[in-house]
$ cat run_29.pdb   # PDB, C-alpha atoms and all ligand atoms
ATOM      1  CA  MET E   1     -65.110  63.037 147.283
ATOM      2  CA  ILE E   2     -63.948  62.908 143.677
ATOM      3  CA  ALA E   3     -61.176  65.163 142.371
ATOM      4  CA  LEU E   4     -61.965  66.672 138.981
ATOM      5  CA  GLY E   5     -59.464  68.318 136.681
ATOM      6  CA  ALA E   6     -59.154  69.355 133.057
ATOM      7  CA  ASP E   7     -57.144  71.506 130.721
ATOM      8  CA  HIS E   8     -58.801  73.672 128.064
ATOM      9  CA  GLY E   9     -59.211  70.621 125.789
ATOM     10  CA  GLY E  10     -61.197  68.827 128.479
ATOM     11  CA  PHE E  11     -62.956  71.777 130.097
ATOM     12  CA  GLU E  12     -66.341  71.282 128.469
ATOM     13  CA  LEU E  13     -66.347  67.563 129.196
ATOM     14  CA  LYS E  14     -65.462  68.240 132.837
ATOM     15  CA  GLU E  15     -68.409  70.614 133.058
ATOM     16  CA  ALA E  16     -70.723  67.945 131.637
ATOM     17  CA  ILE E  17     -69.365  65.437 134.168
ATOM     18  CA  LYS E  18     -69.954  67.927 136.998
ATOM     19  CA  LYS E  19     -73.588  68.311 135.928
ATOM     20  CA  HIS E  20     -73.960  64.527 135.965
ATOM     21  CA  LEU E  21     -72.340  64.201 139.391
ATOM     22  CA  ASP E  22     -74.646  66.949 140.704
ATOM     23  CA  GLU E  23     -77.649  65.022 139.389
ATOM     24  CA  THR E  24     -76.470  61.738 140.895
ATOM     25  CA  GLY E  25     -75.408  63.191 144.241
ATOM     26  CA  VAL E  26     -71.697  62.480 143.987
ATOM     27  CA  GLU E  27     -69.495  64.998 145.786
ATOM     28  CA  TYR E  28     -66.513  66.418 143.950
ATOM     29  CA  LYS E  29     -63.818  69.043 144.229
ATOM     30  CA  ASP E  30     -62.993  70.893 141.023
ATOM     31  CA  PHE E  31     -59.278  71.596 140.599
ATOM     32  CA  GLY E  32     -59.867  73.546 137.373
ATOM     33  CA  THR E  33     -59.479  74.702 134.766
ATOM     34  CA  TYR E  34     -62.401  77.080 134.915
ATOM     35  CA  SER E  35     -62.526  78.360 131.317
ATOM     36  CA  THR E  36     -61.470  77.432 127.804
ATOM     37  CA  ASP E  37     -58.318  79.566 128.091
ATOM     38  CA  SER E  38     -55.197  77.552 127.323
ATOM     39  CA  ILE E  39     -53.590  75.898 130.355
ATOM     40  CA  ASP E  40     -51.017  73.130 130.769
ATOM     41  CA  TYR E  41     -52.553  69.781 131.723
ATOM     42  CA  ALA E  42     -49.655  68.624 133.929
ATOM     43  CA  LYS E  43     -50.339  71.350 136.508
ATOM     44  CA  ILE E  44     -53.986  70.355 136.779
ATOM     45  CA  ALA E  45     -53.138  66.648 136.925
ATOM     46  CA  TYR E  46     -50.674  67.291 139.728
ATOM     47  CA  LYS E  47     -53.145  69.223 141.897
ATOM     48  CA  ALA E  48     -56.011  66.770 141.455
ATOM     49  CA  CYS E  49     -53.818  63.707 141.933
ATOM     50  CA  LYS E  50     -52.156  65.081 145.064
ATOM     51  CA  ALA E  51     -55.649  65.421 146.539
ATOM     52  CA  VAL E  52     -56.046  61.674 145.958
ATOM     53  CA  THR E  53     -52.680  60.610 147.336
ATOM     54  CA  ASP E  54     -53.084  62.993 150.318
ATOM     55  CA  GLY E  55     -56.409  61.288 151.118
ATOM     56  CA  GLU E  56     -58.636  64.307 150.526
ATOM     57  CA  CYS E  57     -60.277  62.604 147.540
ATOM     58  CA  GLU E  58     -60.877  58.920 146.775
ATOM     59  CA  LYS E  59     -60.380  59.026 143.027
ATOM     60  CA  ALA E  60     -59.752  61.527 140.241
ATOM     61  CA  VAL E  61     -61.497  62.090 136.944
ATOM     62  CA  LEU E  62     -59.292  64.060 134.564
ATOM     63  CA  CYS E  63     -59.929  65.406 131.078
ATOM     64  CA  CYS E  64     -57.745  66.858 128.365
ATOM     65  CA  GLY E  65     -58.130  66.850 124.591
ATOM     66  CA  THR E  66     -57.155  63.203 124.166
ATOM     67  CA  GLY E  67     -57.030  62.093 127.796
ATOM     68  CA  ILE E  68     -53.476  60.970 127.114
ATOM     69  CA  GLY E  69     -51.330  63.902 128.211
ATOM     70  CA  ILE E  70     -53.166  64.304 131.486
ATOM     71  CA  SER E  71     -52.925  60.534 132.114
ATOM     72  CA  MET E  72     -49.169  60.600 131.499
ATOM     73  CA  ALA E  73     -48.791  63.444 133.987
ATOM     74  CA  ALA E  74     -51.094  61.754 136.506
ATOM     75  CA  ASN E  75     -49.106  58.531 136.369
ATOM     76  CA  LYS E  76     -45.977  60.419 137.436
ATOM     77  CA  VAL E  77     -47.594  61.224 140.794
ATOM     78  CA  LYS E  78     -46.520  58.525 143.234
ATOM     79  CA  GLY E  79     -49.477  56.350 144.162
ATOM     80  CA  ILE E  80     -51.587  57.246 141.153
ATOM     81  CA  ARG E  81     -52.722  54.577 138.709
ATOM     82  CA  ALA E  82     -54.367  56.526 135.921
ATOM     83  CA  ALA E  83     -56.189  54.903 133.016
ATOM     84  CA  CYS E  84     -57.099  56.698 129.805
ATOM     85  CA  CYS E  85     -60.343  55.098 128.647
ATOM     86  CA  SER E  86     -62.805  55.607 125.829
ATOM     87  CA  ASP E  87     -64.781  52.382 126.132
ATOM     88  CA  TYR E  88     -66.964  50.880 128.861
ATOM     89  CA  PHE E  89     -65.060  47.601 129.202
ATOM     90  CA  SER E  90     -61.750  49.352 129.883
ATOM     91  CA  ALA E  91     -63.269  51.772 132.406
ATOM     92  CA  LYS E  92     -64.763  48.812 134.285
ATOM     93  CA  TYR E  93     -61.775  46.484 134.143
ATOM     94  CA  THR E  94     -59.228  49.101 135.078
ATOM     95  CA  ARG E  95     -61.043  49.178 138.415
ATOM     96  CA  LEU E  96     -61.501  45.397 138.695
ATOM     97  CA  HIS E  97     -57.958  44.468 137.697
ATOM     98  CA  ASN E  98     -55.708  47.537 138.049
ATOM     99  CA  ASP E  99     -57.319  49.305 141.023
ATOM    100  CA  ALA E 100     -57.020  52.487 138.962
ATOM    101  CA  ASN E 101     -57.592  55.595 141.039
ATOM    102  CA  ALA E 102     -57.731  58.108 138.191
ATOM    103  CA  LEU E 103     -59.887  57.956 135.075
ATOM    104  CA  CYS E 104     -58.708  60.069 132.148
ATOM    105  CA  LEU E 105     -60.996  61.049 129.315
ATOM    106  CA  GLY E 106     -60.499  62.879 126.047
ATOM    107  CA  GLY E 107     -62.819  65.804 125.513
ATOM    108  CA  ARG E 108     -62.086  65.579 121.786
ATOM    109  CA  VAL E 109     -62.530  61.801 121.791
ATOM    110  CA  VAL E 110     -65.642  60.864 123.758
ATOM    111  CA  GLY E 111     -69.009  62.598 123.905
ATOM    112  CA  ALA E 112     -70.601  63.581 127.194
ATOM    113  CA  GLY E 113     -73.133  60.747 127.037
ATOM    114  CA  LEU E 114     -70.466  58.052 126.887
ATOM    115  CA  ALA E 115     -68.200  59.900 129.305
ATOM    116  CA  VAL E 116     -70.732  59.876 132.131
ATOM    117  CA  GLU E 117     -71.287  56.126 131.614
ATOM    118  CA  LEU E 118     -67.523  55.625 131.897
ATOM    119  CA  VAL E 119     -67.399  57.777 135.030
ATOM    120  CA  ASP E 120     -70.287  55.875 136.631
ATOM    121  CA  VAL E 121     -68.830  52.429 136.043
ATOM    122  CA  PHE E 122     -65.378  53.606 137.129
ATOM    123  CA  LEU E 123     -66.694  55.096 140.381
ATOM    124  CA  ASN E 124     -68.992  52.172 141.187
ATOM    125  CA  THR E 125     -66.746  49.174 140.485
ATOM    126  CA  GLU E 126     -64.639  47.649 143.259
ATOM    127  CA  PHE E 127     -61.123  46.246 142.821
ATOM    128  CA  GLU E 128     -61.165  42.428 142.657
ATOM    129  CA  GLY E 129     -57.889  41.960 144.539
ATOM    130  CA  GLY E 130     -56.548  38.388 144.584
ATOM    131  CA  ARG E 131     -53.993  37.776 141.850
ATOM    132  CA  HIS E 132     -54.486  41.339 140.667
ATOM    133  CA  GLN E 133     -53.181  42.701 143.974
ATOM    134  CA  ARG E 134     -49.812  41.064 143.285
ATOM    135  CA  ARG E 135     -49.665  42.791 139.901
ATOM    136  CA  VAL E 136     -50.615  46.168 141.325
ATOM    137  CA  ASP E 137     -47.933  45.653 143.986
ATOM    138  CA  GLN E 138     -45.425  45.091 141.178
ATOM    139  CA  ILE E 139     -46.418  48.419 139.633
ATOM    140  CA  SER E 140     -45.757  50.045 143.007
ATOM    141  CA  ALA E 141     -42.394  48.281 143.234
ATOM    142  CA  ILE E 142     -41.353  49.762 139.892
ATOM    143  CA  GLU E 143     -42.501  53.164 141.145
ATOM    144  CA  ASN E 144     -40.292  52.694 144.213
ATOM    145  CA  GLY E 145     -37.244  51.859 142.091
ATOM    146  CA  GLU E 146     -37.222  48.199 143.035
ATOM    147  CA  ALA E 147     -36.112  45.527 140.559
ATOM    148  CA  LEU E 148     -38.695  42.902 139.661
TER     149      LEU E 148
HETATM  150  C1  LIG E 201     -54.153  70.664 124.173
HETATM  151  O1  LIG E 201     -54.267  71.237 122.927
HETATM  152  C2  LIG E 201     -53.953  69.172 124.057
HETATM  153  O2  LIG E 201     -52.679  68.909 123.603
HETATM  154  C3  LIG E 201     -54.213  68.498 125.378
HETATM  155  O3  LIG E 201     -55.514  68.781 125.796
HETATM  156  C4  LIG E 201     -54.116  66.985 125.374
HETATM  157  O4  LIG E 201     -54.854  66.442 124.324
HETATM  158  C5  LIG E 201     -52.766  66.418 125.460
HETATM  159  O5  LIG E 201     -52.570  65.208 125.550
END

$ encode --input "run_29.pdb" --output "structure tokens"
Amino acid sequence: MIALGADHGGFELKEAIKKHLDETGVEYKDFGTYSTDSIDYAKIAYKACKAVTDGECEKAVLCCGTGIGISMAANKVKGIRAACCSDYFSAKYTRLHNDANALCLGGRVVGAGLAVELVDVFLNTEFEGGRHQRRVDQISAIENGEAL
């Protein structure tokens, strides 16, 4: 189950991603927004990311105008590693190397065609582990207030 979320700036891209996930048989839960009316991205990020950290969803795909604000909010949720991506390489390697569990996209940055490619590679790429696990553990240590 994938958690989806967007503000008004990412609403249309989220809808395009939903259509793609429907076509490819990927289950999702839509945490809004449900129209182009203005809404604050942090509230959406919080709801969708809590579904990930609570175990209801495996990963989140979040959209705002740039992808940046919603990624900043997402990364404040303990246990979330959100990556704002607009290229294929980054969407792939943030899974391989960072074990990212939230992909953030800019509805005013990427078109729907590229976005669904980014979503597919993000959802279908496994974390490599190994030396990268140590680095991800260090991110968690910072999150827990530990000195490195
Ligand atoms: C909303 O206008 C816009 O600021 C928001 O979608 C996002 O781009 C923020 O980072």

$ residues_around --input "run_29.pdb" --residues "stretch 68-80 of chain E" --least-positions-apart "2" --cutoff "10 Å" --atoms "all atoms listed in the file" --output "ChimeraX atom specification"
/E:5-7,10,40-50,52-54,59-66,82-85,99-106,139-140,143-144

$ atom_distance --input "run_29.pdb" --atom1 "atom CA of E:Ser38" --atom2 "atom CA of E:Ser86"
23.3 Å

$ atom_distance --input "run_29.pdb" --atom1 "atom CA of E:Gly55" --atom2 "atom CA of E:Val110"
28.9 Å

$ closest_atom_pairs --input "run_29.pdb" --of "stretch 7-77 of chain E" --to "stretch 114-127 of chain E" --cutoff "9 Å" --atoms "only C-alpha atoms" --output "JSON lines"
{"residue": "E:Leu13", "atom": "CA", "partner": "E:Ala115", "partner_atom": "CA", "distance": 7.9}
{"residue": "E:Ala16", "atom": "CA", "partner": "E:Val116", "partner_atom": "CA", "distance": 8.1}
{"residue": "E:Ile17", "atom": "CA", "partner": "E:Val116", "partner_atom": "CA", "distance": 6.1}
{"residue": "E:His20", "atom": "CA", "partner": "E:Val116", "partner_atom": "CA", "distance": 6.8}
{"residue": "E:Leu21", "atom": "CA", "partner": "E:Val116", "partner_atom": "CA", "distance": 8.6}
{"residue": "E:Lys59", "atom": "CA", "partner": "E:Leu123", "partner_atom": "CA", "distance": 7.9}
{"residue": "E:Val61", "atom": "CA", "partner": "E:Val119", "partner_atom": "CA", "distance": 7.6}

$ atom_distance --input "run_29.pdb" --atom1 "atom CA of E:Glu23" --atom2 "atom CA of E:Leu96"
25.4 Å

$ axis_aligned_box --input "run_29.pdb" --around "stretch 60-76 of chain E" --padding-each-side "6 Å" --output "AutoDock Vina command-line options"
--center_x -53.7 --center_y 62.7 --center_z 132.2 --size_x 27.5 --size_y 20.3 --size_z 28.1

$ closest_residue --input "run_29.pdb" --among "E:Glu27, E:Glu12, E:Leu4, E:Gly129" --to "ligand LIG 201 (chain E)" --atoms "only C-alpha atoms and all ligand atoms"
E:Glu12

$ closest_residue --input "run_29.pdb" --among "E:Ile39, E:Val136, E:Ile2, E:Ala51" --to "E:Lys18" --atoms "all atoms listed in the file"
E:Ile2

$ closest_residue --input "run_29.pdb" --among "E:Ala3, E:Ala91, E:Ala141, E:Val109" --to "ligand LIG 201 (chain E)" --atoms "all atoms listed in the file"
E:Val109

$ closest_residue --input "run_29.pdb" --among "E:Gly111, E:Gly32, E:Gly67, E:Gly130" --to "ligand LIG 201 (chain E)" --atoms "only C-alpha atoms and all ligand atoms"
E:Gly67
